[in-house]
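What follows is a short report on a single structure.
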Amino acid sequence: MMPTYAGWLGAGIVAVLTIATIIDAILKWRVARGQPHADIDNVNARIASWWAIAAITGLAAWAGALAVFALFATVSVLSLREYIAAPVPLHTPRRWIAGAVICVICMACIPALMTLALPESGRQRGHNGLLLMYFLVVVQASDVLQYLWGKWLGRHPIAPAISPSKTVEGFTGGIICATLLGASLWRLTPFTLLEAAGVSLMITLLGFAGGLVLSAEKRARGIKDWGRLIPGHGGLLDRVDSLWLAAPPFYWWVRVCHT
């Protein structure tokens, strides 16, 4: 049963990325006429980066705990480097402590999912990698869906002083769709359908809040992106900014309620 669930999850991710790639190619041909186009080229770079991110994360989850630990140790180090390297009005110990909490302590809760003693019976049957992928897919899908809904229907900024591109419409549409996605994937988890919906709502809301906190930090430092490591996204911290605040509650929920 579990390989079937994993296969469906992988196939779904590949299908979504393939459709996005095809649509982007059509837009490049029909709208841009093969010429440079800022918005379309940015989306193309984002999609290419998502292919790489999905492949690397999926391979790590498939390879097991050591590969996941190595991946997220690398993510933590590079994210902390971006956080510390970005210009600040005043270097204080609190900045270093905040960076360590965000990039190391909170992010460590994601690979820590691989250490949980999940039930050896039932749907999950100890497949921690699927639980980890569930968390990443739901939170990152919320990010993407908020972006798409905002581009399509966004009219009212939700926090104009912090992040003018985030809108009420994008937030609402993205959170609802990602919550429904998380509920539909409940068989990948030890959760019931209703619990999966509640947990998905929790982590998508916390993901939004975490991204907003780091957007405020960027605004205070006078920068647009944390770096340029990932084409179309900015720095690595720009891509994982929605994970750090959502990860600890998700980890502890699973540990307290399902181990």
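Order determines the names: the first chain of the structure tokens is A, the second B, and so forth; residues in each chain are numbered 1 upward, and ligands are numbered 1 upward as they are shown.
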
If we count only C-alpha atoms and set the cut-off at 12 Å, which residues sit around Met133 of chain A, ignoring sequence neighbours fewer than 2 positions away in its own chain? Please answer as a PyMOL selection string.
chain A and resi 5-6+9-10+13+54-62+68+110-111+113-114+127-131+135-141+182+185+188-189

Write down as a PyMOL selection string the residues of segment 61-247 of chain A whose backbone DSSP state falls under alpha helix (DSSP H).
chain A and resi 61-63+65-85+93-100+128-153+168-184+193-221+236-240+247

For Val101 of chain A, list every protein, DNA or RNA residue within 12 Å, evaluated using only C-alpha atoms, and leave out those in the same chain fewer than 5 positions away; present the list as a compact mmCIF listing (two decimals) with C-alpha atoms, in the first residue's frame.
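That gives us around11.txt:
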# COMPACT_ATOMS: atom_id res chain seq x y z
CA SER A 76 20.41 25.20 7.52
CA SER A 79 20.26 29.72 5.07
CA LEU A 80 22.11 30.88 8.18
CA TYR A 83 20.76 35.54 7.13
CA ARG A 94 20.15 39.07 18.99
CA ARG A 95 20.55 38.94 15.21
CA TRP A 96 22.84 35.91 15.50
CA CYS A 106 13.28 25.37 13.94
CA MET A 107 14.42 23.88 10.62
CA ALA A 108 15.86 20.88 12.50
CA CYS A 109 12.28 19.81 13.28
CA TRP A 244 10.68 27.40 9.88
CA LEU A 245 7.64 28.50 11.91
CA PRO A 248 8.04 22.74 15.22

Pick out the residues sitting within 10 Å of Thr179 of chain A, and hand them over as a list in words; count only C-alpha atoms, and ignore anything fewer than 4 positions along from it in its own chain.
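The contact residues come out as Val138, Val139, Ala141, Ser142, Gly173, Gly174, Ile175, Ala183, Ser184, Leu185, Ala196, Ala197, Gly198, Val199, Ser200, Leu201, Met202, Ile203, Thr204 and Leu205 of chain A.
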
Contacts of Gly232 of chain A at 9 Å (only C-alpha atoms; same-chain gap of 5+ positions) as number ranges by chain
A: 41-49

Which residues come within 9 Å of Trp186 of chain A, counting only C-alpha atoms, excluding same-chain residues fewer than 6 positions away, as an mmCIF file with N, CA, C and O atoms, in the first residue's frame?
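Output contents, as saved in result_16.cif:
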data_model
loop_
_atom_site.group_PDB
_atom_site.id
_atom_site.type_symbol
_atom_site.label_atom_id
_atom_site.label_comp_id
_atom_site.auth_asym_id
_atom_site.auth_seq_id
_atom_site.Cartn_x
_atom_site.Cartn_y
_atom_site.Cartn_z
ATOM 1 N N TYR A 134 4.844 15.021 2.938
ATOM 2 C CA TYR A 134 3.509 15.609 3.139
ATOM 3 C C TYR A 134 3.644 17.028 3.674
ATOM 4 O O TYR A 134 3.014 17.971 3.154
ATOM 5 N N THR A 192 -6.451 11.265 10.624
ATOM 6 C CA THR A 192 -7.754 11.071 10.006
ATOM 7 C C THR A 192 -7.960 12.177 8.971
ATOM 8 O O THR A 192 -7.186 13.156 8.913
ATOM 9 N N LEU A 193 -8.991 12.039 8.161
ATOM 10 C CA LEU A 193 -9.284 13.052 7.152
ATOM 11 C C LEU A 193 -9.509 14.417 7.791
ATOM 12 O O LEU A 193 -8.934 15.433 7.349
ATOM 13 N N LEU A 194 -10.321 14.474 8.843
ATOM 14 C CA LEU A 194 -10.614 15.741 9.504
ATOM 15 C C LEU A 194 -9.371 16.312 10.168
ATOM 16 O O LEU A 194 -9.108 17.523 10.106
ATOM 17 N N GLU A 195 -8.581 15.441 10.792
ATOM 18 C CA GLU A 195 -7.349 15.898 11.445
ATOM 19 C C GLU A 195 -6.370 16.433 10.417
ATOM 20 O O GLU A 195 -5.701 17.450 10.649
ATOM 21 N N ALA A 196 -6.267 15.766 9.271
ATOM 22 C CA ALA A 196 -5.363 16.231 8.212
ATOM 23 C C ALA A 196 -5.754 17.625 7.738
ATOM 24 O O ALA A 196 -4.886 18.470 7.466
ATOM 25 N N ALA A 197 -7.050 17.882 7.637
ATOM 26 C CA ALA A 197 -7.511 19.212 7.238
ATOM 27 C C ALA A 197 -7.109 20.252 8.282
ATOM 28 O O ALA A 197 -6.620 21.342 7.943
#

State, in Å with one decimal place, the distance from atom CA of Thr259 of chain A to atom CA of Phe208 of chain A.
27.5 Å

In Å, with one decimal, what is the gap from atom CA of Arg221 of chain A to atom CA of Val88 of chain A?
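Pair atom CA of Arg221 of chain A / atom CA of Val88 of chain A returns 5.3 Å.
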
When you draw a straight line from atom CA of Ala117 of chain A to atom CA of Cys257 of chain A, how long is it in Å?
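Between these atoms lies a distance of 11.6 Å.
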
Go through A:Cys103, A:Ala246, A:Ala159, A:Val254 and flag the residue nearest Thr74 of chain A, using only C-alpha atoms for the distances.
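Ranked by minimum distance to Thr74 of chain A, first place goes to A:Cys103.
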
Find, counting only C-alpha atoms, the residue in A:Pro87, A:Pro119, A:Gly150, A:Pro164 that gets nearest to Ala220 of chain A.
A:Pro87
